[in-house]
file start03.txt (compact mmCIF, C-alpha atoms and all ligand atoms)
# COMPACT_ATOMS: atom_id res chain seq x y z
CA MET M 1 111.41 94.42 133.75
CA LYS M 2 108.20 92.65 134.84
CA GLN M 3 104.94 93.45 133.02
CA ILE M 4 103.63 96.58 134.67
CA ASP M 5 100.96 99.12 133.91
CA LYS M 6 102.76 101.96 132.18
CA ALA M 7 99.64 104.07 131.85
CA ALA M 8 100.28 105.69 135.22
CA PRO M 9 102.95 108.39 135.32
CA VAL M 10 106.06 108.00 137.45
CA MET M 11 107.47 110.90 139.45
CA ILE M 12 111.16 111.50 140.04
CA THR M 13 112.66 114.32 142.08
CA GLY M 14 116.12 115.67 141.27
CA ALA M 15 115.82 114.70 137.58
CA THR M 16 118.46 117.29 136.70
CA GLY M 17 121.00 115.51 138.92
CA TYR M 18 123.72 112.98 138.18
CA VAL M 19 122.17 109.84 139.69
CA ALA M 20 118.63 110.62 138.51
CA GLY M 21 119.68 111.21 134.88
CA TRP M 22 120.16 107.51 134.20
CA ILE M 23 116.97 106.56 136.07
CA VAL M 24 115.04 108.99 133.87
CA LYS M 25 116.66 107.48 130.77
CA LYS M 26 115.67 103.95 131.78
CA LEU M 27 112.09 105.02 132.53
CA LEU M 28 111.76 106.85 129.20
CA ASP M 29 113.24 103.89 127.34
CA GLU M 30 110.57 101.70 128.96
CA GLY M 31 107.87 104.04 127.66
CA PHE M 32 106.83 105.71 130.92
CA THR M 33 105.45 109.19 131.30
CA VAL M 34 107.95 110.76 133.65
CA HIS M 35 106.85 113.59 135.91
CA ALA M 36 109.91 115.67 136.72
CA PRO M 37 109.46 118.37 139.34
CA VAL M 38 112.49 120.71 139.12
CA ARG M 39 113.27 123.89 140.98
CA ASP M 40 114.68 125.85 138.08
CA LEU M 41 112.15 125.52 135.27
CA GLU M 42 113.32 128.71 133.60
CA ASN M 43 116.85 127.43 132.97
CA PRO M 44 116.82 125.52 129.65
CA ASP M 45 120.36 124.19 130.22
CA LYS M 46 119.14 122.22 133.23
CA VAL M 47 116.68 120.15 131.21
CA LYS M 48 118.43 120.11 127.82
CA TYR M 49 119.91 116.63 128.34
CA LEU M 50 116.63 115.23 129.61
CA ASN M 51 114.80 116.59 126.56
CA GLN M 52 117.33 114.89 124.31
CA LEU M 53 116.68 111.59 126.10
CA ALA M 54 112.94 111.98 125.69
CA GLU M 55 113.24 112.75 121.98
CA ALA M 56 115.03 109.44 121.43
CA ALA M 57 112.75 107.29 123.59
CA PRO M 58 109.15 106.04 123.52
CA GLY M 59 108.35 107.69 126.87
CA THR M 60 107.56 111.33 127.58
CA ILE M 61 108.72 113.80 130.20
CA LYS M 62 106.67 116.56 131.82
CA TYR M 63 108.17 119.24 134.03
CA PHE M 64 106.67 120.85 137.13
CA LYS M 65 108.04 123.57 139.37
CA ALA M 66 108.82 122.41 142.89
CA ASP M 67 111.37 122.86 145.65
CA LEU M 68 112.24 120.48 148.46
CA LEU M 69 111.78 123.27 150.98
CA ASP M 70 108.48 124.45 149.57
CA GLU M 71 105.79 122.41 151.32
CA GLY M 72 103.07 121.14 149.02
CA SER M 73 104.99 122.04 145.86
CA TYR M 74 105.02 118.40 144.65
CA THR M 75 101.20 118.02 144.68
CA GLU M 76 100.63 118.48 140.98
CA ALA M 77 103.63 116.40 139.88
CA MET M 78 102.63 113.44 142.09
CA GLN M 79 98.97 113.31 140.96
CA GLY M 80 98.12 109.90 139.50
CA CYS M 81 101.61 108.44 140.13
CA GLU M 82 102.00 104.91 141.48
CA TRP M 83 105.78 105.05 141.76
CA VAL M 84 107.76 107.91 143.23
CA PHE M 85 111.56 108.11 143.08
CA HIS M 86 112.98 110.62 145.52
CA THR M 87 116.60 111.29 144.59
CA ALA M 88 116.86 115.07 145.17
CA SER M 89 119.17 116.03 148.01
CA PRO M 90 122.35 118.10 147.92
CA PHE M 91 125.53 116.03 147.54
CA THR M 92 128.16 118.55 148.30
CA ILE M 93 130.96 118.50 150.83
CA GLU M 94 132.06 122.12 151.14
CA VAL M 95 129.31 124.04 152.91
CA ARG M 96 129.19 127.08 155.18
CA ASP M 97 126.00 126.23 156.99
CA PRO M 98 125.47 122.43 157.11
CA GLN M 99 122.03 122.71 158.71
CA LYS M 100 120.70 125.01 156.00
CA GLU M 101 122.58 123.65 153.01
CA LEU M 102 122.48 119.91 153.75
CA VAL M 103 120.22 118.79 156.58
CA ASP M 104 117.19 120.97 155.86
CA PRO M 105 116.80 120.02 152.18
CA ALA M 106 117.57 116.35 152.93
CA LYS M 107 115.24 115.99 155.90
CA LEU M 108 112.48 118.50 155.18
CA GLY M 109 112.55 117.56 151.50
CA THR M 110 112.02 113.89 152.36
CA LEU M 111 109.19 114.79 154.72
CA ASN M 112 107.65 117.01 152.08
CA ILE M 113 107.65 114.17 149.52
CA LEU M 114 106.40 111.49 151.91
CA ASN M 115 103.67 113.66 153.44
CA GLN M 116 102.56 114.31 149.89
CA ALA M 117 102.55 110.55 149.18
CA ASN M 118 100.27 110.15 152.19
CA GLN M 119 97.78 112.47 150.53
CA ILE M 120 97.83 111.04 147.02
CA SER M 121 95.98 107.74 146.91
CA SER M 122 97.55 106.47 143.68
CA VAL M 123 101.02 106.13 145.25
CA LYS M 124 102.04 102.50 145.87
CA ARG M 125 105.77 102.65 146.36
CA VAL M 126 108.43 105.27 147.10
CA VAL M 127 112.06 104.54 146.25
CA LEU M 128 114.35 106.84 148.20
CA THR M 129 117.95 107.44 147.20
CA SER M 130 119.69 107.22 150.50
CA SER M 131 123.41 106.43 150.78
CA CYS M 132 125.96 104.18 152.43
CA ALA M 133 126.59 107.38 154.38
CA ALA M 134 123.38 106.63 156.28
CA ILE M 135 124.91 103.29 157.29
CA TYR M 136 128.39 104.35 158.41
CA GLY M 137 130.06 107.64 159.29
CA ASP M 138 133.79 106.95 159.36
CA ASN M 139 135.84 103.98 158.19
CA ALA M 140 136.83 103.51 161.82
CA ASP M 141 133.20 102.44 162.44
CA LEU M 142 134.02 99.18 160.62
CA LYS M 143 135.80 97.94 163.73
CA GLU M 144 132.54 98.14 165.67
CA THR M 145 130.57 96.01 163.23
CA PRO M 146 129.80 92.45 164.43
CA SER M 147 131.28 90.76 161.35
CA GLY M 148 133.77 93.36 160.08
CA ILE M 149 131.56 94.56 157.24
CA PHE M 150 128.86 97.24 156.81
CA THR M 151 125.37 95.80 156.26
CA GLU M 152 121.84 97.08 155.80
CA ALA M 153 121.18 96.45 159.49
CA MET M 154 123.47 99.33 160.53
CA TRP M 155 123.04 103.03 161.01
CA ASN M 156 125.55 105.87 161.02
CA HIS M 157 125.95 107.00 164.62
CA SER M 158 129.21 108.90 164.30
CA SER M 159 128.37 111.85 162.03
CA SER M 160 127.02 115.18 163.22
CA LEU M 161 126.55 118.75 162.04
CA THR M 162 130.22 119.41 162.74
CA HIS M 163 131.74 116.11 161.64
CA GLN M 164 130.88 114.62 158.21
CA PRO M 165 127.68 116.72 157.90
CA TYR M 166 126.72 115.34 154.48
CA SER M 167 126.67 111.82 155.94
CA TYR M 168 124.68 113.15 158.88
CA SER M 169 122.11 114.67 156.51
CA LYS M 170 121.62 111.32 154.78
CA ARG M 171 121.19 109.43 158.05
CA VAL M 172 118.68 111.93 159.42
CA ALA M 173 116.67 111.97 156.17
CA GLU M 174 116.50 108.19 155.85
CA MET M 175 115.52 107.68 159.48
CA GLU M 176 112.78 110.23 159.08
CA ALA M 177 111.58 108.44 155.95
CA TRP M 178 111.22 105.09 157.74
CA GLU M 179 109.33 106.77 160.54
CA VAL M 180 106.76 108.24 158.14
CA ALA M 181 106.53 105.01 156.11
CA ASP M 182 105.97 102.84 159.17
CA LYS M 183 102.93 104.89 160.21
CA GLN M 184 100.86 103.81 157.20
CA ASP M 185 100.45 100.79 154.93
CA ARG M 186 99.19 102.07 151.56
CA TRP M 187 102.63 102.63 150.04
CA ASP M 188 105.90 100.92 150.82
CA LEU M 189 109.32 102.48 151.12
CA ILE M 190 112.48 101.05 149.59
CA THR M 191 115.84 102.70 150.06
CA ILE M 192 118.81 102.44 147.74
CA ASN M 193 122.04 103.06 149.64
CA PRO M 194 124.84 103.58 147.12
CA SER M 195 128.50 104.11 147.92
CA LEU M 196 130.46 106.73 145.92
CA VAL M 197 128.82 106.89 142.50
CA ILE M 198 131.12 107.11 139.48
CA GLY M 199 130.76 106.71 135.71
CA PRO M 200 129.57 109.03 132.95
CA GLY M 201 126.60 111.28 133.68
CA ILE M 202 123.67 112.02 131.41
CA HIS M 203 124.22 115.60 132.47
CA PRO M 204 127.99 116.15 132.73
CA PHE M 205 127.49 119.55 134.39
CA ALA M 206 125.40 118.25 137.31
CA SER M 207 126.33 119.60 140.71
CA SER M 208 127.21 116.21 142.20
CA GLU M 209 130.37 115.96 144.29
CA SER M 210 131.18 112.82 142.28
CA PHE M 211 132.43 115.02 139.44
CA ASN M 212 134.70 117.05 141.75
CA ILE M 213 136.21 113.88 143.17
CA VAL M 214 137.13 112.50 139.76
CA LYS M 215 138.23 115.88 138.33
CA GLN M 216 140.97 116.19 140.95
CA PHE M 217 142.76 113.13 139.52
CA GLY M 218 143.36 114.99 136.27
CA ASP M 219 144.10 118.56 137.26
CA GLY M 220 147.35 118.05 139.16
CA ARG M 221 145.97 118.20 142.69
CA MET M 222 146.99 114.58 143.24
CA LYS M 223 150.23 114.61 141.31
CA ALA M 224 152.25 113.84 144.46
CA GLY M 225 149.98 110.92 145.38
CA ALA M 226 146.60 110.20 146.92
CA PRO M 227 145.69 109.11 150.42
CA ARG M 228 144.51 105.58 150.99
CA LEU M 229 141.05 106.75 151.97
CA GLY M 230 138.95 103.59 151.99
CA LEU M 231 135.62 103.86 150.19
CA GLY M 232 133.06 101.98 148.16
CA ALA M 233 132.37 102.78 144.52
CA VAL M 234 129.64 101.92 142.05
CA ASP M 235 128.72 102.88 138.48
CA VAL M 236 125.89 105.38 138.06
CA ARG M 237 124.18 103.11 135.50
CA ASP M 238 124.20 100.22 137.96
CA VAL M 239 122.73 102.52 140.62
CA ALA M 240 119.95 103.43 138.18
CA ASP M 241 119.28 99.73 137.53
CA ALA M 242 119.01 99.18 141.27
CA HIS M 243 116.35 101.90 141.53
CA ILE M 244 114.37 100.40 138.66
CA GLN M 245 114.58 96.85 140.02
CA ALA M 246 113.61 98.05 143.50
CA ALA M 247 110.62 99.93 142.14
CA PHE M 248 109.19 97.23 139.95
CA SER M 249 110.04 93.99 141.79
CA PRO M 250 106.96 93.27 143.92
CA GLU M 251 109.03 91.39 146.49
CA ALA M 252 111.56 94.22 147.02
CA GLU M 253 111.69 95.45 150.61
CA GLY M 254 113.76 97.52 152.99
CA ARG M 255 117.24 98.90 152.37
CA TYR M 256 119.72 97.87 149.67
CA ILE M 257 123.44 98.58 149.80
CA VAL M 258 124.39 99.28 146.20
CA SER M 259 128.16 99.19 145.99
CA ALA M 260 130.37 97.31 143.56
CA HIS M 261 133.92 97.72 144.85
CA ASN M 262 135.56 97.92 148.26
CA THR M 263 138.42 100.21 147.31
CA ASP M 264 140.16 103.50 148.17
CA LEU M 265 140.87 106.91 146.69
CA LEU M 266 144.34 105.97 145.42
CA GLU M 267 142.98 102.92 143.60
CA LEU M 268 140.32 105.06 141.90
CA GLY M 269 143.09 107.32 140.57
CA ARG M 270 145.33 104.41 139.64
CA SER M 271 142.57 102.75 137.62
CA LEU M 272 143.13 105.57 135.09
CA LEU M 273 146.87 105.01 134.67
CA ASP M 274 146.76 102.56 131.74
CA LYS M 275 144.77 104.86 129.51
CA TYR M 276 145.67 108.35 130.75
CA GLY M 277 148.94 107.93 132.66
CA ASN M 278 151.09 109.50 129.94
CA ASP M 279 148.95 112.60 129.52
CA TYR M 280 147.56 113.51 132.94
CA PRO M 281 149.18 114.03 136.36
CA LEU M 282 147.44 111.06 137.98
CA PRO M 283 148.29 109.86 141.48
CA ARG M 284 150.68 106.90 141.48
CA LYS M 285 151.60 106.39 145.10
CA ALA M 286 150.01 106.58 148.53
CA LEU M 287 150.45 109.74 150.55
CA PRO M 288 151.46 108.78 154.08
CA LYS M 289 148.84 109.46 156.73
CA TRP M 290 151.17 111.70 158.77
CA LEU M 291 151.70 113.94 155.74
CA VAL M 292 147.96 114.19 155.03
CA TRP M 293 147.42 114.93 158.74
CA LEU M 294 149.98 117.73 158.54
CA VAL M 295 149.00 119.47 155.29
CA GLY M 296 145.54 118.08 154.42
CA PRO M 297 143.53 120.59 156.48
CA LEU M 298 145.49 123.47 154.92
CA VAL M 299 144.54 122.55 151.36
CA ASN M 300 141.05 121.18 151.96
CA LYS M 301 139.00 122.44 154.86
CA THR M 302 136.67 119.43 154.83
CA LEU M 303 139.70 117.22 155.49
CA THR M 304 139.84 117.86 159.21
CA ARG M 305 142.33 116.06 161.46
CA LYS M 306 139.43 114.03 162.89
CA VAL M 307 138.33 112.94 159.39
CA ILE M 308 141.93 111.97 158.55
CA LYS M 309 142.41 110.06 161.78
CA LEU M 310 139.19 108.07 161.43
CA ASN M 311 139.32 107.37 157.69
CA ILE M 312 142.75 107.35 156.09
CA ASP M 313 144.62 104.03 155.92
CA LEU M 314 141.48 102.37 157.23
CA PRO M 315 139.66 99.92 154.94
CA TRP M 316 136.05 100.21 153.82
CA LYS M 317 133.97 97.09 153.31
CA ALA M 318 130.28 96.66 152.63
CA ASP M 319 128.13 93.60 152.05
CA ASN M 320 126.34 94.03 148.70
CA SER M 321 124.86 90.51 148.61
CA LYS M 322 121.25 91.48 149.36
CA GLY M 323 120.95 93.54 146.16
CA ILE M 324 122.73 90.92 144.06
CA ASN M 325 120.60 88.03 145.34
CA ALA M 326 117.21 89.71 145.71
CA LEU M 327 117.25 92.28 142.89
CA GLY M 328 119.62 90.49 140.50
CA LEU M 329 122.04 93.43 140.45
CA SER M 330 125.34 93.12 138.63
CA TYR M 331 128.21 95.59 138.57
CA ARG M 332 130.56 97.06 135.99
CA PRO M 333 134.32 96.92 136.54
CA LEU M 334 135.85 99.94 138.30
CA LYS M 335 138.22 100.67 135.44
CA THR M 336 135.37 100.92 132.92
CA SER M 337 133.39 103.36 135.08
CA MET M 338 136.41 105.50 135.87
CA GLU M 339 137.72 105.66 132.29
CA GLU M 340 134.32 106.51 130.84
CA MET M 341 133.75 109.26 133.42
CA PHE M 342 137.23 110.71 133.01
CA GLN M 343 136.84 110.73 129.22
CA GLN M 344 133.51 112.54 129.53
CA LEU M 345 135.13 115.20 131.71
CA ILE M 346 137.92 115.64 129.15
CA ASP M 347 135.44 115.83 126.26
CA HIS M 348 133.52 118.61 128.04
CA ASN M 349 136.67 120.54 128.99
CA LEU M 350 135.90 119.95 132.64
CA ILE M 351 139.42 118.79 133.45
CA THR M 352 142.01 121.51 133.32
CA ARG M 353 145.15 119.67 132.37
CA ALA M 354 148.15 120.60 134.52
CA GLN M 355 151.31 118.54 134.08
P1 LIG M 401 123.40 116.09 142.14
O1 LIG M 401 123.85 115.85 140.75
O2 LIG M 401 123.92 117.31 142.81
O3 LIG M 401 121.82 116.06 142.18
C1 LIG M 401 121.09 116.64 143.24
C2 LIG M 401 119.71 116.92 142.73
O4 LIG M 401 118.93 117.43 143.83
C3 LIG M 401 119.66 117.97 141.62
O5 LIG M 401 118.71 117.58 140.68
C4 LIG M 401 119.22 119.22 142.37
O6 LIG M 401 118.51 120.14 141.56
C5 LIG M 401 118.28 118.61 143.39
N1 LIG M 401 118.06 119.53 144.50
C6 LIG M 401 118.97 119.98 145.41
N2 LIG M 401 118.39 120.83 146.25
C7 LIG M 401 117.09 120.95 145.87
C8 LIG M 401 115.98 121.70 146.34
N3 LIG M 401 116.07 122.52 147.39
N4 LIG M 401 114.79 121.55 145.69
C9 LIG M 401 114.66 120.73 144.63
N5 LIG M 401 115.69 120.01 144.13
C10 LIG M 401 116.87 120.12 144.75
O7 LIG M 401 123.83 114.88 143.09
P2 LIG M 401 123.73 113.30 142.89
O8 LIG M 401 125.10 112.76 143.13
O9 LIG M 401 123.01 112.96 141.65
O10 LIG M 401 122.86 112.92 144.15
C11 LIG M 401 121.52 112.48 144.00
C12 LIG M 401 121.15 111.63 145.20
O11 LIG M 401 122.03 110.51 145.29
C13 LIG M 401 121.28 112.38 146.53
O12 LIG M 401 120.21 111.97 147.36
C14 LIG M 401 122.62 111.87 147.08
O13 LIG M 401 122.68 111.97 148.48
C15 LIG M 401 122.55 110.42 146.60
N6 LIG M 401 123.84 109.74 146.56
C16 LIG M 401 124.82 110.20 145.72
C17 LIG M 401 126.04 109.54 145.69
C18 LIG M 401 127.15 109.98 144.78
O14 LIG M 401 128.30 109.51 144.96
N7 LIG M 401 126.89 110.84 143.79
C19 LIG M 401 126.27 108.44 146.54
C20 LIG M 401 125.24 108.01 147.38
C21 LIG M 401 124.02 108.67 147.39
P3 LIG M 401 119.22 121.32 140.74
O15 LIG M 401 119.67 120.72 139.44
O16 LIG M 401 118.18 122.34 140.60
O17 LIG M 401 120.40 121.78 141.57
call {"tool": "encode", "arguments": {"input": "start03.txt", "output": "structure tokens"}}
result
Amino acid sequence: MKQIDKAAPVMITGATGYVAGWIVKKLLDEGFTVHAPVRDLENPDKVKYLNQLAEAAPGTIKYFKADLLDEGSYTEAMQGCEWVFHTASPFTIEVRDPQKELVDPAKLGTLNILNQANQISSVKRVVLTSSCAAIYGDNADLKETPSGIFTEAMWNHSSSLTHQPYSYSKRVAEMEAWEVADKQDRWDLITINPSLVIGPGIHPFASSESFNIVKQFGDGRMKAGAPRLGLGAVDVRDVADAHIQAAFSPEAEGRYIVSAHNTDLLELGRSLLDKYGNDYPLPRKALPKWLVWLVGPLVNKTLTRKVIKLNIDLPWKADNSKGINALGLSYRPLKTSMEEMFQQLIDHNLITRAQ
């Protein structure tokens, strides 16, 4: 990391979450004072892992009470901060009311943070955790790209409140962020756009959908096979590095796709076979699209026929060269990330073994 003034505190939203955990660790290890606004200050389990990090590091962590939907609640936490990391946003797929549960916290939360940054003169840079979901909606969108690959120049135009609402929430929030950022020039905005994040969490009980996705490889739900659902994947520690590099590299600008592997759901499961194949009911073969089309919606209500049609057996490909060249990012192998995450889930009894 370049020489920077560590006297000023750094604020990070969503510190209790999966992605933020490793960013907090890196900041504490560098000796920063981390301001962590959290919504559930009274729950000691939420901050237990963060406290353990702080005890072992030169930096310190201070908590504040704030909620994405509570306007002005980040005022105290942001005071004196030069860098703001905004990671908080629900990453969950099964929702009843997508507007209330996904879009409102993503969009209004982003506005809340950025309007606050406009009022606090110390802020120089905001790093927003966006997503590849803000870039594409369905794998079928790949066919419409000029060079057959998703890039930072693209936006998701295919998601809506009724189709891939999580992806819609990320697109709406990031667009809103650029609109606010472009109206001023005191602080700059950088977005990190990761694909599916995998790898061991600081907080193995975080609410992230990443844990649910990996758990299903071990609990028998994919015993008969997994669909070839094309996706990108990246280790959570590499995503944290990307945030740190983006924050502290003066020349960083714009959006960064942070994705290590162009892969699919079956390959994620199969990467576990060498180590866990004898003990867990891992997927070994591809489920045919027609079968997923027939039974998928009955077992998983987010797997609608439209989602299946536009995503299964269709490849996913993103260009990660901007982050590699400009921020010096490097990526762990898929197998390492998957094995370490799966092992963590086993160690915390989060995978119910069903042969
Ligand atoms: P996570 O573990 O569920 O973390 C979400 C965080 O947001 C938690 O700290 C949560 O706080 C906080 N939060 C949610 N609603 C809030 C509210 N109303 N007020 C204040 N805080 C609130 O999920 P994650 O995977 O780490 O996701 C973090 C970010 O990464 C999100 O922006 C997500 O879109 C992005 N991302 C994730 C992935 C992935 O594969 N995991 C991929 C691309 C982008 P509580 O602990 O209080 O619930």
call {"tool": "closest_residue", "arguments": {"input": "start03.txt", "among": "M:Gln79, M:Asn51, M:Ser210, M:Asn112", "to": "ligand LIG 401 (chain M)", "atoms": "all atoms listed in the file"}}
result
M:Ser210
call {"tool": "residues_near_ligand", "arguments": {"input": "start03.txt", "ligand": "ligand LIG 401 (chain M)", "cutoff": "8 Å", "atoms": "all atoms listed in the file", "output": "PyMOL selection string"}}
result
chain M and resi 13-21+37-40+46+66-70+86-92+105-106+109+128-133+166+170+193-198+206-210+233+236
call {"tool": "residues_around", "arguments": {"input": "start03.txt", "residues": "range 179-184 of chain M", "least_positions_apart": "6", "cutoff": "12 Å", "atoms": "all atoms listed in the file", "output": "list in words"}}
result
Lys107, Thr110, Leu111, Asn112, Ile113, Leu114, Asn115, Gln116, Ala117, Asn118, Gln119, Lys124, Arg125, Val126, Val127, Leu128, Val172, Ala173, Ile190, Thr191 and Gly254 of chain M
call {"tool": "atom_distance", "arguments": {"input": "start03.txt", "atom1": "CA of Gly225 in chain M", "atom2": "CA of Arg270 in chain M"}}
result
9.8 Å
call {"tool": "residues_around", "arguments": {"input": "start03.txt", "residues": "range 241-249 of chain M", "least_positions_apart": "4", "cutoff": "9 Å", "atoms": "all atoms listed in the file", "output": "list in words"}}
result
Met1, Lys2, Gln3, Ile4, Trp22, Ile23, Lys26, Leu27, Trp83, Val84, Phe85, Arg125, Val126, Val127, Leu128, Thr129, Ile190, Thr191, Ile192, Val236, Arg237, Glu253, Tyr256, Val258, Gly323, Leu327, Gly328 and Leu329 of chain M
call {"tool": "residues_around", "arguments": {"input": "start03.txt", "residues": "range 332-344 of chain M", "least_positions_apart": "3", "cutoff": "10 Å", "atoms": "all atoms listed in the file", "output": "PyMOL selection string"}}
result
chain M and resi 197-201+204+210-211+214-215+217-218+233-238+260-261+263+267-276+347-351
call {"tool": "closest_residue", "arguments": {"input": "start03.txt", "among": "M:Arg171, M:His35, M:His203, M:Arg284", "to": "Leu50 in chain M", "atoms": "only C-alpha atoms"}}
result
M:His203
call {"tool": "closest_residue", "arguments": {"input": "start03.txt", "among": "M:Thr151, M:Ser169, M:Arg186, M:Thr162", "to": "Thr304 in chain M", "atoms": "all atoms listed in the file"}}
result
M:Thr162
call {"tool": "atom_distance", "arguments": {"input": "start03.txt", "atom1": "CA of Leu229 in chain M", "atom2": "CA of Leu266 in chain M"}}
result
7.4 Å
call {"tool": "atom_distance", "arguments": {"input": "start03.txt", "atom1": "CA of Val295 in chain M", "atom2": "CA of Pro165 in chain M"}}
result
21.7 Å
call {"tool": "closest_residue", "arguments": {"input": "start03.txt", "among": "M:Val10, M:Ile324, M:Met78, M:Leu314", "to": "Lys143 in chain M", "atoms": "only C-alpha atoms"}}
result
M:Leu314
call {"tool": "axis_aligned_box", "arguments": {"input": "start03.txt", "around": "range 320-336 of chain M", "padding_each_side": "3 Å", "output": "AutoDock Vina command-line options"}}
result
--center_x 127.7 --center_y 94.5 --center_z 141.1 --size_x 27.0 --size_y 18.9 --size_z 22.4
call {"tool": "closest_residue", "arguments": {"input": "start03.txt", "among": "M:Ser167, M:Asn139, M:Ser330, M:Asn325", "to": "Ile308 in chain M", "atoms": "all atoms listed in the file"}}
result
M:Asn139
call {"tool": "closest_residue", "arguments": {"input": "start03.txt", "among": "M:Ala153, M:Leu265, M:Val34, M:Ile202", "to": "Asp319 in chain M", "atoms": "all atoms listed in the file"}}
result
M:Ala153
call {"tool": "residues_around", "arguments": {"input": "start03.txt", "residues": "Gln216 in chain M", "least_positions_apart": "5", "cutoff": "10 Å", "atoms": "all atoms listed in the file", "output": "PDB file with C-alpha atoms, keeping the file's coordinate frame"}}
result
ATOM      1  CA  PHE M 211     132.430 115.020 139.440  1.00  0.00           C
ATOM      2  CA  ARG M 221     145.970 118.200 142.690  1.00  0.00           C
ATOM      3  CA  MET M 222     146.990 114.580 143.240  1.00  0.00           C
ATOM      4  CA  LYS M 223     150.230 114.610 141.310  1.00  0.00           C
ATOM      5  CA  GLY M 269     143.090 107.320 140.570  1.00  0.00           C
ATOM      6  CA  PRO M 281     149.180 114.030 136.360  1.00  0.00           C
ATOM      7  CA  LEU M 282     147.440 111.060 137.980  1.00  0.00           C
ATOM      8  CA  PRO M 283     148.290 109.860 141.480  1.00  0.00           C
ATOM      9  CA  ILE M 351     139.420 118.790 133.450  1.00  0.00           C
ATOM     10  CA  THR M 352     142.010 121.510 133.320  1.00  0.00           C
TER      11      THR M 352
END
call {"tool": "residues_near_point", "arguments": {"input": "start03.txt", "point": "(152.5, 106.1, 147.7)", "cutoff": "8 Å", "atoms": "only C-alpha atoms", "output": "list in words"}}
result
Gly225, Ala226, Pro227, Arg284, Lys285, Ala286, Leu287 and Pro288 of chain M
call {"tool": "residues_near_point", "arguments": {"input": "start03.txt", "point": "(135.9, 118.4, 152.2)", "cutoff": "6 Å", "atoms": "all atoms listed in the file", "output": "list in words"}}
result
Ile93, Glu94, Asn300, Lys301, Thr302 and Leu303 of chain M
call {"tool": "build_atoms", "arguments": {"input": "start03.txt", "residues": "range 272-286 of chain M", "atoms": "N, CA and C atoms", "output": "mmCIF file, in the frame of the given file"}}
result
data_model
loop_
_atom_site.group_PDB
_atom_site.id
_atom_site.type_symbol
_atom_site.label_atom_id
_atom_site.label_comp_id
_atom_site.auth_asym_id
_atom_site.auth_seq_id
_atom_site.Cartn_x
_atom_site.Cartn_y
_atom_site.Cartn_z
ATOM 1 N N LEU M 272 143.062 104.770 136.323
ATOM 2 C CA LEU M 272 143.130 105.570 135.090
ATOM 3 C C LEU M 272 144.505 105.525 134.440
ATOM 4 N N LEU M 273 145.478 104.922 135.134
ATOM 5 C CA LEU M 273 146.870 105.010 134.670
ATOM 6 C C LEU M 273 147.089 104.408 133.278
ATOM 7 N N ASP M 274 146.507 103.226 133.029
ATOM 8 C CA ASP M 274 146.760 102.560 131.740
ATOM 9 C C ASP M 274 146.405 103.466 130.572
ATOM 10 N N LYS M 275 145.252 104.089 130.662
ATOM 11 C CA LYS M 275 144.770 104.860 129.510
ATOM 12 C C LYS M 275 145.264 106.313 129.522
ATOM 13 N N TYR M 276 145.400 106.903 130.710
ATOM 14 C CA TYR M 276 145.670 108.350 130.750
ATOM 15 C C TYR M 276 146.990 108.722 131.440
ATOM 16 N N GLY M 277 147.737 107.699 131.864
ATOM 17 C CA GLY M 277 148.940 107.930 132.660
ATOM 18 C C GLY M 277 149.990 108.786 131.966
ATOM 19 N N ASN M 278 150.070 108.714 130.642
ATOM 20 C CA ASN M 278 151.090 109.500 129.940
ATOM 21 C C ASN M 278 150.697 110.957 129.765
ATOM 22 N N ASP M 279 149.419 111.252 129.855
ATOM 23 C CA ASP M 279 148.950 112.600 129.520
ATOM 24 C C ASP M 279 148.430 113.416 130.698
ATOM 25 N N TYR M 280 148.145 112.772 131.801
ATOM 26 C CA TYR M 280 147.560 113.510 132.940
ATOM 27 C C TYR M 280 148.340 113.220 134.221
ATOM 28 N N PRO M 281 148.391 114.194 135.132
ATOM 29 C CA PRO M 281 149.180 114.030 136.360
ATOM 30 C C PRO M 281 148.432 113.204 137.419
ATOM 31 N N LEU M 282 148.235 111.939 137.106
ATOM 32 C CA LEU M 282 147.440 111.060 137.980
ATOM 33 C C LEU M 282 148.246 110.659 139.220
ATOM 34 N N PRO M 283 147.559 110.345 140.304
ATOM 35 C CA PRO M 283 148.290 109.860 141.480
ATOM 36 C C PRO M 283 148.832 108.459 141.233
ATOM 37 N N ARG M 284 150.055 108.223 141.672
ATOM 38 C CA ARG M 284 150.680 106.900 141.480
ATOM 39 C C ARG M 284 150.993 106.220 142.794
ATOM 40 N N LYS M 285 151.216 107.033 143.827
ATOM 41 C CA LYS M 285 151.600 106.390 145.100
ATOM 42 C C LYS M 285 150.750 106.935 146.254
ATOM 43 N N ALA M 286 150.812 106.193 147.360
ATOM 44 C CA ALA M 286 150.010 106.580 148.530
ATOM 45 C C ALA M 286 150.697 107.700 149.294
#
